[in-house]
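Here is the file coords10.txt (compact mmCIF, C-alpha atoms).
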```txt
# COMPACT_ATOMS: atom_id res chain seq x y z
CA MET A 14 -30.52 20.76 15.16
CA ASP A 15 -29.82 24.48 15.35
CA THR A 16 -26.06 24.97 15.85
CA GLY A 17 -26.29 28.74 15.55
CA SER A 18 -27.98 29.30 18.92
CA SER A 19 -26.09 30.89 21.79
CA SER A 20 -26.24 27.78 23.96
CA THR A 21 -24.58 24.58 22.80
CA PRO A 22 -27.18 21.80 22.45
CA GLU A 23 -26.63 18.50 24.24
CA ILE A 24 -27.62 15.16 22.74
CA TRP A 25 -27.68 11.90 24.70
CA VAL A 26 -26.40 9.01 22.63
CA ASN A 27 -26.47 5.34 23.74
CA THR A 28 -22.92 4.02 23.48
CA THR A 29 -23.55 0.53 24.87
CA PRO A 30 -21.24 -1.80 22.84
CA VAL A 31 -23.30 -3.28 20.02
CA ASP A 32 -21.87 -4.80 16.85
CA ASP A 33 -22.37 -2.86 13.63
CA THR A 34 -23.37 0.36 15.43
CA HIS A 35 -22.18 3.41 13.52
CA LEU A 36 -22.34 7.13 14.27
CA TYR A 37 -23.11 9.20 11.19
CA ARG A 38 -22.18 12.87 11.07
CA ASN A 39 -22.57 15.93 8.90
CA GLN A 40 -19.26 17.11 7.50
CA SER A 41 -19.99 20.68 8.61
CA SER A 42 -20.45 19.81 12.30
CA GLN A 43 -18.06 19.05 15.14
CA MET A 44 -18.90 16.56 17.87
CA SER A 45 -17.14 15.96 21.19
CA THR A 46 -18.19 12.87 23.16
CA HIS A 47 -17.62 12.35 26.85
CA SER A 48 -18.34 8.86 28.21
CA ASP A 49 -19.75 8.33 31.67
CA ASP A 50 -20.61 5.31 33.76
CA THR A 51 -24.21 5.15 32.54
CA GLY A 52 -23.35 3.86 29.07
CA TYR A 53 -24.36 7.17 27.49
CA SER A 54 -22.39 10.11 26.10
CA ILE A 55 -22.98 13.83 25.86
CA VAL A 56 -22.44 15.01 22.30
CA THR A 57 -21.92 18.72 21.77
CA ALA A 58 -22.17 19.99 18.21
CA THR A 59 -20.34 22.99 16.79
CA HIS A 60 -18.76 23.77 13.43
CA SER A 61 -15.57 22.15 12.03
CA SER A 62 -14.39 18.52 11.95
CA ILE A 63 -15.15 15.66 14.33
CA HIS A 64 -13.14 15.11 17.53
CA THR A 65 -13.72 12.28 19.98
CA THR A 66 -12.27 12.19 23.49
CA VAL A 67 -12.29 9.32 25.94
CA ASP A 68 -13.17 9.90 29.58
CA ASN A 69 -10.73 7.94 31.72
CA THR A 70 -13.02 8.12 34.79
CA LYS A 71 -14.37 4.63 35.39
CA SER A 72 -16.39 2.95 38.07
CA PRO A 73 -14.68 0.31 40.29
CA THR A 74 -16.56 -2.40 38.38
CA LEU A 75 -15.12 -1.27 35.04
CA LYS A 76 -11.61 -1.08 36.51
CA THR A 77 -11.95 -4.64 37.79
CA ASN A 78 -13.16 -5.85 34.39
CA ASP A 79 -10.24 -4.13 32.65
CA LYS A 80 -7.80 -5.90 34.97
CA ASP A 81 -9.47 -9.22 34.17
CA LEU A 82 -9.18 -8.43 30.46
CA ARG A 83 -5.44 -7.74 30.69
CA HIS A 84 -5.02 -10.90 32.77
CA GLN A 85 -6.43 -12.97 29.90
CA TYR A 86 -3.60 -11.73 27.66
CA GLU A 87 -0.86 -11.80 30.28
CA GLN A 88 -1.37 -15.26 31.76
CA GLU A 89 0.84 -18.10 30.62
CA PRO A 90 -0.80 -20.90 28.62
CA GLU A 91 -1.75 -24.00 30.61
CA ARG A 92 0.17 -26.20 28.20
CA ILE A 93 3.25 -25.25 26.22
CA PRO A 94 2.72 -26.74 22.75
CA ASP A 95 5.31 -28.75 20.88
CA VAL A 96 6.20 -26.20 18.22
CA ALA A 97 7.55 -28.73 15.73
CA THR A 98 4.45 -30.92 16.00
CA GLU A 99 2.07 -27.97 15.75
CA MET A 100 3.86 -26.60 12.71
CA GLU A 101 3.68 -29.96 10.97
CA LYS A 102 -0.02 -30.21 11.81
CA TRP A 103 -1.13 -26.74 10.75
CA TYR A 104 1.19 -25.85 7.90
CA ALA A 105 -0.07 -28.83 5.92
CA LEU A 106 -3.50 -27.15 5.96
CA THR A 107 -2.43 -23.60 5.11
CA ASP A 108 -1.28 -21.64 2.11
CA ARG A 109 2.19 -20.12 1.86
CA TYR A 110 1.18 -17.17 4.05
CA GLY A 111 -0.30 -19.23 6.89
CA PHE A 112 -4.00 -18.84 6.08
CA LEU A 113 -6.27 -21.83 6.57
CA ARG A 114 -7.66 -21.66 3.07
CA ASP A 115 -6.15 -22.52 -0.25
CA THR A 116 -6.89 -19.30 -2.10
CA TYR A 117 -3.65 -18.98 -4.00
CA GLN A 118 -0.92 -21.37 -5.01
CA LEU A 119 2.20 -20.53 -6.94
CA ASP A 120 2.72 -22.55 -10.07
CA ALA A 121 6.14 -24.02 -10.86
CA LYS A 122 7.18 -21.04 -12.98
CA ALA A 123 6.18 -18.52 -10.32
CA LYS A 124 8.04 -20.48 -7.63
CA GLU A 125 11.14 -20.52 -9.78
CA LYS A 126 10.85 -16.75 -10.25
CA GLU A 127 10.45 -16.24 -6.49
CA VAL A 128 13.62 -18.23 -5.80
CA GLU A 129 15.50 -16.27 -8.46
CA ARG A 130 14.45 -12.94 -6.94
CA ALA A 131 15.35 -14.12 -3.43
CA GLU A 132 18.83 -15.05 -4.63
CA LYS A 133 19.29 -11.55 -6.09
CA TRP A 134 18.38 -10.04 -2.73
CA ALA A 135 20.82 -12.36 -1.00
CA LYS A 136 23.62 -11.17 -3.27
CA MET A 137 23.01 -7.49 -2.55
CA SER A 138 22.70 -7.98 1.24
CA MET A 139 25.46 -7.99 3.83
CA ALA A 140 25.21 -9.59 7.28
CA THR A 141 26.16 -7.43 10.24
CA VAL A 142 25.74 -7.25 14.03
CA ILE A 143 24.27 -4.23 15.82
CA GLU A 144 23.79 -4.29 19.61
CA ASP A 145 24.28 -8.08 19.61
CA GLU A 146 21.52 -8.44 17.00
CA HIS A 147 22.21 -10.18 13.69
CA VAL A 148 20.72 -8.10 10.88
CA HIS A 149 21.26 -7.51 7.17
CA THR A 150 22.24 -4.25 5.55
CA PHE A 151 21.95 -3.14 1.96
CA THR A 152 23.39 -0.42 -0.23
CA TYR A 153 20.71 2.18 -0.77
CA THR A 154 20.99 2.55 -4.53
CA HIS A 155 18.62 2.98 -7.44
CA LYS A 156 18.72 -0.80 -7.94
CA PHE A 157 17.64 -1.38 -4.33
CA LYS A 158 14.71 1.04 -4.62
CA LYS A 159 13.68 -0.49 -7.95
CA ARG A 160 13.61 -3.99 -6.45
CA VAL A 161 11.60 -2.75 -3.48
CA PHE A 162 8.94 -1.38 -5.81
CA LYS A 163 8.92 -4.63 -7.76
CA GLY A 164 8.16 -6.47 -4.53
CA ILE A 165 10.32 -7.85 -1.72
CA PRO A 166 10.45 -11.67 -1.59
CA ASP A 167 8.80 -13.18 1.47
CA CYS A 168 12.04 -14.41 3.01
CA TRP A 169 13.60 -10.92 2.84
CA ARG A 170 10.71 -8.75 4.00
CA ARG A 171 11.66 -8.71 7.68
CA ASP A 172 15.25 -7.62 7.01
CA ALA A 173 14.38 -5.18 4.25
CA TRP A 174 11.57 -3.52 6.25
CA TYR A 175 13.80 -3.19 9.31
CA TYR A 176 16.60 -1.69 7.20
CA MET A 177 14.31 0.95 5.70
CA ILE A 178 12.30 1.83 8.81
CA THR A 179 15.50 2.37 10.84
CA ASP A 180 16.81 4.80 8.21
CA CYS A 181 19.32 2.35 6.72
CA LEU A 182 20.12 1.00 10.23
CA THR A 183 21.40 4.39 11.43
CA SER A 184 18.80 4.47 14.22
CA ALA A 185 19.07 0.76 15.05
CA THR A 186 21.42 1.59 17.94
CA ASN A 187 18.43 3.06 19.79
CA ASP A 188 16.69 -0.33 19.97
CA ASN A 189 17.57 -1.02 23.62
CA LYS A 190 16.19 2.35 24.68
CA LEU A 191 13.04 1.77 22.65
CA ARG A 192 12.62 -1.71 24.15
CA SER A 193 12.68 -0.12 27.59
CA THR A 194 10.08 2.42 26.44
CA TYR A 195 7.92 -0.39 25.09
CA GLU A 196 8.03 -2.30 28.39
CA THR A 197 7.10 0.88 30.28
CA LEU A 198 4.13 1.51 27.97
CA LEU A 199 2.83 -2.01 28.60
CA GLN A 200 2.64 -1.27 32.33
CA LYS A 201 0.18 1.58 31.75
CA GLU A 202 -3.57 1.18 31.48
CA SER A 203 -5.24 2.31 28.26
CA PRO A 204 -8.84 3.46 27.78
CA HIS A 205 -8.79 1.69 24.39
CA GLU A 206 -8.20 -1.82 25.75
CA ARG A 207 -11.83 -2.89 25.47
CA GLN A 208 -12.17 -1.85 21.83
CA ILE A 209 -8.85 -3.47 20.95
CA ASP A 210 -10.02 -6.69 22.61
CA LEU A 211 -13.27 -6.59 20.63
CA ASP A 212 -11.44 -6.16 17.30
CA ILE A 213 -8.71 -8.76 17.80
CA PRO A 214 -10.91 -11.88 17.29
CA ARG A 215 -12.05 -10.37 13.98
CA THR A 216 -8.50 -9.83 12.71
CA LEU A 217 -7.08 -12.37 10.23
CA ARG A 218 -9.20 -15.04 11.93
CA ASP A 219 -8.20 -17.64 9.31
CA HIS A 220 -4.48 -17.23 9.98
CA ILE A 221 -2.87 -19.83 12.23
CA MET A 222 -1.00 -17.14 14.18
CA PHE A 223 -4.18 -15.33 15.28
CA LYS A 224 -6.68 -18.20 15.33
CA GLN A 225 -6.32 -19.17 19.01
CA ARG A 226 -8.12 -16.88 21.47
CA TYR A 227 -5.55 -15.29 23.79
CA GLY A 228 -2.83 -17.25 21.99
CA SER A 229 0.67 -15.91 21.39
CA GLY A 230 -0.35 -14.10 18.19
CA GLN A 231 -3.33 -12.35 19.77
CA ARG A 232 -1.26 -11.46 22.85
CA ALA A 233 1.41 -9.83 20.69
CA LEU A 234 -1.25 -7.95 18.73
CA PHE A 235 -2.91 -6.71 21.92
CA ASN A 236 0.39 -5.58 23.42
CA VAL A 237 1.61 -3.64 20.38
CA LEU A 238 -1.71 -1.85 19.87
CA ARG A 239 -2.04 -1.03 23.57
CA ALA A 240 1.54 0.26 23.74
CA PHE A 241 1.05 2.52 20.74
CA ALA A 242 -2.27 3.83 22.11
CA ASN A 243 -0.44 4.78 25.32
CA TYR A 244 2.47 6.30 23.40
CA ASP A 245 0.33 8.53 21.21
CA GLU A 246 -2.70 9.39 23.32
CA GLU A 247 -3.91 11.89 20.71
CA VAL A 248 -4.29 9.18 18.07
CA GLY A 249 -4.95 6.33 20.49
CA TYR A 250 -6.53 3.43 18.63
CA CYS A 251 -8.95 3.08 15.73
CA GLN A 252 -10.31 0.17 13.75
CA GLY A 253 -8.02 -0.84 10.92
CA MET A 254 -4.83 -0.68 12.98
CA THR A 255 -5.23 -4.35 13.86
CA ASN A 256 -4.81 -5.50 10.26
CA ILE A 257 -1.68 -3.39 9.73
CA VAL A 258 -0.02 -4.60 12.93
CA ALA A 259 -1.06 -8.21 12.34
CA THR A 260 0.48 -8.19 8.86
CA ILE A 261 3.81 -6.95 10.21
CA LEU A 262 3.68 -9.48 13.07
CA MET A 263 3.49 -12.23 10.46
CA TYR A 264 7.08 -11.33 9.57
CA CYS A 265 8.49 -9.71 12.73
CA GLU A 266 8.48 -10.64 16.40
CA GLU A 267 6.57 -8.47 18.85
CA GLU A 268 9.41 -6.24 20.04
CA LEU A 269 10.87 -5.75 16.57
CA GLU A 270 7.38 -4.77 15.38
CA SER A 271 6.93 -2.15 18.10
CA ILE A 272 10.44 -0.64 18.08
CA PRO A 273 10.47 0.67 14.50
CA SER A 274 6.87 1.85 14.85
CA ILE A 275 7.77 4.04 17.83
CA ASP A 276 11.05 5.12 16.24
CA THR A 277 9.38 6.14 12.98
CA TYR A 278 6.67 8.04 14.87
CA VAL A 279 9.30 9.99 16.83
CA GLN A 280 11.13 10.94 13.62
CA GLU A 281 7.95 12.14 11.95
CA ARG A 282 6.94 14.24 14.98
```

I need this file expressed as structure tokens, please.
Amino acid sequence: MDTGSSSTPEIWVNTTPVDDTHLYRNQSSQMSTHSDDTGYSIVTATHSSIHTTVDNTKSPTLKTNDKDLRHQYEQEPERIPDVATEMEKWYALTDRYGFLRDTYQLDAKAKEKEVERAEKWAKMSMATVIEDEHVHTFTYTHKFKKRVFKGIPDCWRRDAWYYMITDCLTSATNDNKLRSTYETLLQKESPHERQIDLDIPRTLRDHIMFKQRYGSGQRALFNVLRAFANYDEEVGYCQGMTNIVATILMYCEEELESIPSIDTYVQER
């Protein structure tokens, strides 16, 4: 393909969703894709890095399908499960992290070490209330940073992550405002909803939280990813985000997961 000609060449590429379809590119070329209703894209090649844009213009059929997709995640379950019974049923079949496979088990010595480290974290934490929320604060010292690098015990990860991502709780007072922002973002449509929906069933499929299709775990994952894609339209969504968000959701509830993510993004911008 001659990129040095005066007119920019156009290439028609089939973008019909097919598993394991990849677009390979030369590092010296730049491609801009514009989707249309035919299932094809126009790819223009120039020099520099790759940029992909999403065309928000959709046919009525696609808009209807997108509404049906969101409805799958928004509808209430037909039967509210007995949480205690379900926990007793599933946790007997999982490892300590909630995966339905016994890949790793702590021996007695390792369990004892984990309890010892958790007790040390308990001693250096202090309970406090911010905006009617019960949280834990720490003293940001060399000892704290050293213990973070050694590894935060499971039972303290939620509190420790929240403490650090809110800049030692100094920005935690903005949580109510960020909750409102999160709810507003969920009301907006996103051009990435279809790809997010395709990736969710492939995310931590052996974990009890994300095993049920359109269950509470998958709904939370869909909401957080869709909200972030709407918040940062330049970044939007890409594969790999699901695993990061799912890991945090294993320790934090949906709103607590989304609030620090938005807050941290604002600070970095």

As a PDB file with C-alpha atoms, in the frame of the given file, please: the residues near Val258 (chain A) (cut-off 8 Å, all atoms listed in the file, same-chain neighbours under 3 positions excluded).
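around12.pdb, written as the output of this step:
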```pdb
ATOM      1  CA  LEU A 234      -1.250  -7.950  18.730  1.00  0.00           C
ATOM      2  CA  VAL A 237       1.610  -3.640  20.380  1.00  0.00           C
ATOM      3  CA  LEU A 238      -1.710  -1.850  19.870  1.00  0.00           C
ATOM      4  CA  MET A 254      -4.830  -0.680  12.980  1.00  0.00           C
ATOM      5  CA  THR A 255      -5.230  -4.350  13.860  1.00  0.00           C
ATOM      6  CA  ILE A 261       3.810  -6.950  10.210  1.00  0.00           C
ATOM      7  CA  LEU A 262       3.680  -9.480  13.070  1.00  0.00           C
ATOM      8  CA  GLU A 270       7.380  -4.770  15.380  1.00  0.00           C
TER       9      GLU A 270
END
```

Report, in Å with one decimal, the straight-line distance from CA of Gln85 (chain A) to CA of Asn256 (chain A).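 About the pair CA of Gln85 (chain A) and CA of Asn256 (chain A): they are 21.1 Å apart.
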
Can you build me a table of region 211-276 of chain A residues sitting at most 12 Å from region 81-84 of chain A, with the closest atom pair per residue and its distance in Å to one decimal, using only C-alpha atoms, sorted by chain and residue number, as a tab-separated table?
```
residue	atom	partner	partner_atom	distance
A:Leu211	CA	A:Leu82	CA	10.8
A:Tyr227	CA	A:His84	CA	10.0
A:Arg232	CA	A:Arg83	CA	9.6
A:Phe235	CA	A:Arg83	CA	9.2
A:Asn236	CA	A:Arg83	CA	9.6
A:Arg239	CA	A:Arg83	CA	10.4
```

What are the centre and edge lengths in Å, to one decimal, of the axis-aligned box around all listed atoms of region 161-173 of chain A with 4 Å added on each side, as lines of an AutoDock Vina configuration file?
```
center_x = 11.7
center_y = -7.9
center_z = 0.0
size_x = 15.1
size_y = 21.0
size_z = 23.4
```

Please list as an mmCIF file with C-alpha atoms, in the coordinates of the input every residue within 8 Å of Ile221 (chain A), counting all atoms listed in the file and excluding residues in the same chain fewer than 4 positions away.
```
data_model
loop_
_atom_site.group_PDB
_atom_site.id
_atom_site.type_symbol
_atom_site.label_atom_id
_atom_site.label_comp_id
_atom_site.auth_asym_id
_atom_site.auth_seq_id
_atom_site.Cartn_x
_atom_site.Cartn_y
_atom_site.Cartn_z
ATOM 1 C CA TRP A 103 -1.130 -26.740 10.750
ATOM 2 C CA GLY A 111 -0.300 -19.230 6.890
ATOM 3 C CA PHE A 112 -4.000 -18.840 6.080
ATOM 4 C CA LEU A 113 -6.270 -21.830 6.570
ATOM 5 C CA GLN A 225 -6.320 -19.170 19.010
#
```

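One distance worth recording is that between CA of Met177 (chain A) and CA of Tyr195 (chain A), which is 20.5 Å.
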
For Arg192 (chain A), which residue among A:Gly253, A:Arg109, A:Ala240, A:Asp245 is the nearest when counting all atoms listed in the file?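 Closest to Arg192 (chain A), using all atoms listed in the file: A:Ala240.
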
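CA of Gln231 (chain A) is found 9.2 Å from CA of Asp210 (chain A).
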
Compare A:Gln252, A:Gln88, A:Ser184, A:Thr154 by their minimum atom-to-atom distance to Gly228 (chain A), counting all atoms listed in the file, and give me the closest one. A:Gln88
